[in-house]
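Undergrad: Got a structure for you, questions after.
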Amino acid sequence: MNKPLRRIAIFCGLLVLALLVRDNWLQYVKADTLREDTDNRRVLIARYATPRGDIIVDGKSITGHAETTSGDFKYKRTYKNGAMWAPVTGFVSQSYGATQLESIEDGILTGNDDRLFFRNTLDMLTGKPKEGGNVVTTLSTAAQKAAYDGLKKQGGKGAVAAIEPSTGKILALASYPSYDPSTIAGGSDSDAEAWKKLDKKNNPDDPMLNRALREVYPPGSTFKVVTAAAALENGLYKSADEQTDSPLPWTMPGTTTPLKNEGNIPCKNATLRQALRYSCNTVFGKVGSDLGNDKMLEEAKKFGFTEEQFTPVRSSAPVFSDDMNPSQTALSSIGQYNTAATPLQMAMVASAVANNGTLMKPYMVDSLQAPNLDTLEKTEPEKMSEPLSAENAQILQSMMETVVKEGTGTTAQIQGVTVGGKTGTAQHGENNSKNPYAWFISYAKVGDSAPVAVAVVVQDDNAVRENISGSGLAAPIAKSVMEAVIDSKK
């Protein structure tokens, strides 16, 4: 071969080599980036070319699919009782992406998860269309319906979280006002109009906010359960019926301000049982101040405060501050000042007490299934912490049960069932200028078993302020959720 031809051959060889390198770079190194690029129209077309797998509750799908009549996306998502389940499912939309379980488990639901690679390859060889897998949840239809219907009937804003104490399984996760994800699943003008109406800028009710997981509220007197646990765990008081060192009035340290109780209630040197029964601010404020910020923070953290939870949907981190002075610690110990919690967090508090002091990690995905229903992944219950000993948990159970038997939580009583609970009315707005939040946390026991722990928060801006209470607004909803769980297990 003469010299010019050899140079041309080498040059052409280098061009082919460069083409091969570039092709492999795109197919292997850049494949994930290109596949996840939101501007890659082909990826989106492929995503909606086949039916999506389903989210399952109690063995039945709460999602579905429908063929579109226009555009280049063949299928869109549909939802059954969408508004009720929105805090669980989130949404998947041809125009607006995906949230919550629809986003987190997108790989399984679309069939693109790496664990389905060999099945997809076999289907491709046999000409079978690709299918999505299923997400099987821990949720209870009966509990979710009771929670959502209760909030809807109340008519304000609010949320419910319910947990199975022995496992951490989330049984209900309701938020109100809510929205139907089906209305924004497509790419039509009507979907765009629905999206505009749901936007927080245009809708002050913010129906797309998952209040059960993402909103933090001052927990008010429900936090006194945590303070009582701290008192028992640190040996400040050793029983429910030991008289406390609680003068009345009690002036917060470093101030000239007395901490006030709600009404004329017997709080002077009250026992922990009586203090929880009547919800004495002076007793629990002084307990927190006496223990100090460090010990109160340590106990709060054992219950899950200051950390996000991943259920797998992320839950906002509850707040209990550090570096507080004694008076600030006192206010925080009765659920005010900077203290804030999600409904899920307060359900975790009730759950740990009901489970004899052991807090299980909350989760809402029981398993992931392949399209043929084979289990790809199974969630096993996981111990998260031990906020209090079994002995102290049983003391606290007896105190919470007194609250329901003859205290502020009598509206949560269930015939033939042992119920423990704590009401709360938390300040809202600057100088408590807005209607307070009504709280109730509780658990139900059938024999030695506690099948459910619940937290309810209600915000009703239109209610008469004097009529707002945890017992009046929140406890009846908790009761209906507990009854629903108990009845479903019969």
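Labels for the structure tokens follow display order: chains A, B, ..., residues from 1 in each chain, ligands from 1.
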Name the residues of stretch 162-271 of chain A that fall into strand (DSSP E) according to DSSP on the backbone, using the chain letters and numbers of this document, as a list of chain:residue names.

TA: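 Put together, the selection reads A:Ala162, A:Ile163, A:Ile170, A:Leu171, A:Ala172, A:Leu173, A:Ala174, A:Ser175, A:Tyr176, A:Trp250, A:Thr251, A:Pro258, A:Leu259.
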
Undergrad: Could you pull the residues within 9 Å of A:Gly416, counting only C-alpha atoms, minus those fewer than 2 positions along the same chain, as a list in words?

TA: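 Returned residues: Ile414, Thr418 and Val446 of chain A.
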
Undergrad: Measuring atom to atom with only C-alpha atoms, identify which of A:Gly407, A:Asp205, A:Thr68, A:Phe223 is nearest to A:Tyr337.

TA: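 The answer is A:Phe223, which sits nearest to A:Tyr337.
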
Undergrad: Please tabulate, as CSV, the residues of stretch 236-332 of chain A that come within 12 Å of stretch 344-364 of chain A, each with its closest pair of atoms and the distance in Å to one decimal, counting only C-alpha atoms and ordering rows by chain, then residue number upward.

TA:
residue,atom,partner,partner_atom,distance
A:Glu299,CA,A:Val349,CA,11.0
A:Ala300,CA,A:Val349,CA,9.4
A:Lys301,CA,A:Val349,CA,10.9
A:Lys302,CA,A:Leu359,CA,8.5
A:Phe303,CA,A:Val349,CA,6.0
A:Gly304,CA,A:Gln345,CA,6.9
A:Phe305,CA,A:Gln345,CA,7.4
A:Thr306,CA,A:Gln345,CA,10.2
A:Glu307,CA,A:Gln345,CA,9.9
A:Glu308,CA,A:Gln345,CA,9.6
A:Gln309,CA,A:Pro362,CA,7.8
A:Phe310,CA,A:Tyr363,CA,7.5
A:Thr311,CA,A:Tyr363,CA,4.3
A:Pro312,CA,A:Tyr363,CA,6.6
A:Val313,CA,A:Met364,CA,8.5
A:Arg314,CA,A:Tyr363,CA,10.5
A:Ser315,CA,A:Leu344,CA,7.9
A:Ser316,CA,A:Gln345,CA,9.3
A:Ala317,CA,A:Gln345,CA,8.7
A:Pro318,CA,A:Gln345,CA,7.1
A:Val319,CA,A:Gln345,CA,10.3

Undergrad: Please determine, counting only C-alpha atoms, which residue among A:Gly71, A:Gly82, A:Pro266, A:Pro258 has the shortest atom-to-atom distance to A:Thr183.

TA: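 Of A:Gly71, A:Gly82, A:Pro266, A:Pro258, the one nearest A:Thr183 is A:Gly82, counting only C-alpha atoms.
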
Undergrad: Within 6 Å of A:Thr342, counting only C-alpha atoms, which residues show up once you throw out same-chain ones fewer than 6 positions away? Write them as a ChimeraX atom specification, please.

TA: /A:213,215-216

Undergrad: Near stretch 326-330 of chain A, within 7 Å and counting only C-alpha atoms, which residues show up once chain neighbours fewer than 6 positions away are dropped, as an MDAnalysis selection string?

TA: chainID A and resid 252:254 285:286 288:289 292:293 337

Undergrad: Selected residues, N, CA, C and O atoms, written as a PDB file, in the first residue's frame, please.

TA:
ATOM      1  N   MET A 252     -42.337  31.277  86.006  1.00  0.00           N
ATOM      2  CA  MET A 252     -41.262  30.680  85.216  1.00  0.00           C
ATOM      3  C   MET A 252     -39.917  31.304  85.585  1.00  0.00           C
ATOM      4  O   MET A 252     -39.834  32.525  85.779  1.00  0.00           O
ATOM      5  N   PRO A 253     -38.860  30.481  85.708  1.00  0.00           N
ATOM      6  CA  PRO A 253     -37.542  30.967  86.142  1.00  0.00           C
ATOM      7  C   PRO A 253     -37.027  32.109  85.263  1.00  0.00           C
ATOM      8  O   PRO A 253     -37.178  32.091  84.042  1.00  0.00           O
ATOM      9  N   GLY A 254     -36.454  33.099  85.911  1.00  0.00           N
ATOM     10  CA  GLY A 254     -35.869  34.226  85.185  1.00  0.00           C
ATOM     11  C   GLY A 254     -36.885  35.223  84.679  1.00  0.00           C
ATOM     12  O   GLY A 254     -36.539  36.129  83.914  1.00  0.00           O
ATOM     13  N   GLY A 285     -44.870  22.181  82.836  1.00  0.00           N
ATOM     14  CA  GLY A 285     -43.893  23.228  82.580  1.00  0.00           C
ATOM     15  C   GLY A 285     -42.766  23.186  83.584  1.00  0.00           C
ATOM     16  O   GLY A 285     -41.582  23.297  83.233  1.00  0.00           O
ATOM     17  N   LYS A 286     -43.107  22.982  84.867  1.00  0.00           N
ATOM     18  CA  LYS A 286     -42.075  22.914  85.901  1.00  0.00           C
ATOM     19  C   LYS A 286     -41.245  21.635  85.764  1.00  0.00           C
ATOM     20  O   LYS A 286     -40.033  21.651  85.993  1.00  0.00           O
ATOM     21  N   GLY A 288     -40.451  20.148  82.967  1.00  0.00           N
ATOM     22  CA  GLY A 288     -39.477  20.423  81.915  1.00  0.00           C
ATOM     23  C   GLY A 288     -38.377  21.348  82.365  1.00  0.00           C
ATOM     24  O   GLY A 288     -37.195  21.130  82.063  1.00  0.00           O
ATOM     25  N   SER A 289     -38.744  22.390  83.120  1.00  0.00           N
ATOM     26  CA  SER A 289     -37.755  23.335  83.625  1.00  0.00           C
ATOM     27  C   SER A 289     -36.806  22.661  84.613  1.00  0.00           C
ATOM     28  O   SER A 289     -35.585  22.899  84.586  1.00  0.00           O
ATOM     29  N   GLY A 292     -34.463  20.339  82.696  1.00  0.00           N
ATOM     30  CA  GLY A 292     -33.527  21.117  81.888  1.00  0.00           C
ATOM     31  C   GLY A 292     -33.606  20.761  80.415  1.00  0.00           C
ATOM     32  O   GLY A 292     -34.108  19.701  80.014  1.00  0.00           O
ATOM     33  N   ASN A 293     -33.087  21.654  79.610  1.00  0.00           N
ATOM     34  CA  ASN A 293     -33.161  21.530  78.153  1.00  0.00           C
ATOM     35  C   ASN A 293     -32.515  20.237  77.646  1.00  0.00           C
ATOM     36  O   ASN A 293     -33.077  19.535  76.797  1.00  0.00           O
ATOM     37  N   TYR A 337     -43.895  27.418  72.543  1.00  0.00           N
ATOM     38  CA  TYR A 337     -42.624  28.050  72.179  1.00  0.00           C
ATOM     39  C   TYR A 337     -42.223  27.563  70.784  1.00  0.00           C
ATOM     40  O   TYR A 337     -42.985  27.740  69.851  1.00  0.00           O
TER      41      TYR A 337
END

Undergrad: One decimal, in Å: what's the spacing between atom CA of A:Leu396 and atom CA of A:Ala142?

TA: 28.6 Å

Undergrad: Which value, in Å to one decimal, gives the distance between atom CA of A:Leu276 and atom CA of A:Glu242?

TA: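 Interatomic distance here is 13.0 Å.
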
Undergrad: So, counting only C-alpha atoms, which residue among A:Gly111, A:Gly447, A:Gly263, A:Gly472 is closest to A:Thr408?

TA: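 Looking only at the distances to A:Thr408, the closest residue turns out to be A:Gly472.
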
Undergrad: Near stretch 184-199 of chain A, within 10 Å and counting only C-alpha atoms, which residues show up once chain neighbours fewer than 6 positions away are dropped, as a ChimeraX atom specification?

TA: /A:65-66,68,70-71,73,75-79,91-98,178,205-209

Undergrad: Please list as a ChimeraX atom specification every residue within 6 Å of A:Tyr437, counting only C-alpha atoms and excluding residues in the same chain fewer than 6 positions away.

TA: /A:425-426,458-459

Undergrad: Mind checking which residues fall within 6 Å of stretch 232-241 of chain A, counting only C-alpha atoms, ignoring those fewer than 5 positions away in the same chain, and posting them as a list of chain:residue names?

TA: A:Thr271, A:Leu272, A:Arg273

Undergrad: Select from stretch 206-365 of chain A everything DSSP, run on the backbone, classes as alpha helix (DSSP H), then give the selection as an MDAnalysis selection string.

TA: chainID A and resid 224:233 272:278 281:291 293:302 326:332 343:354
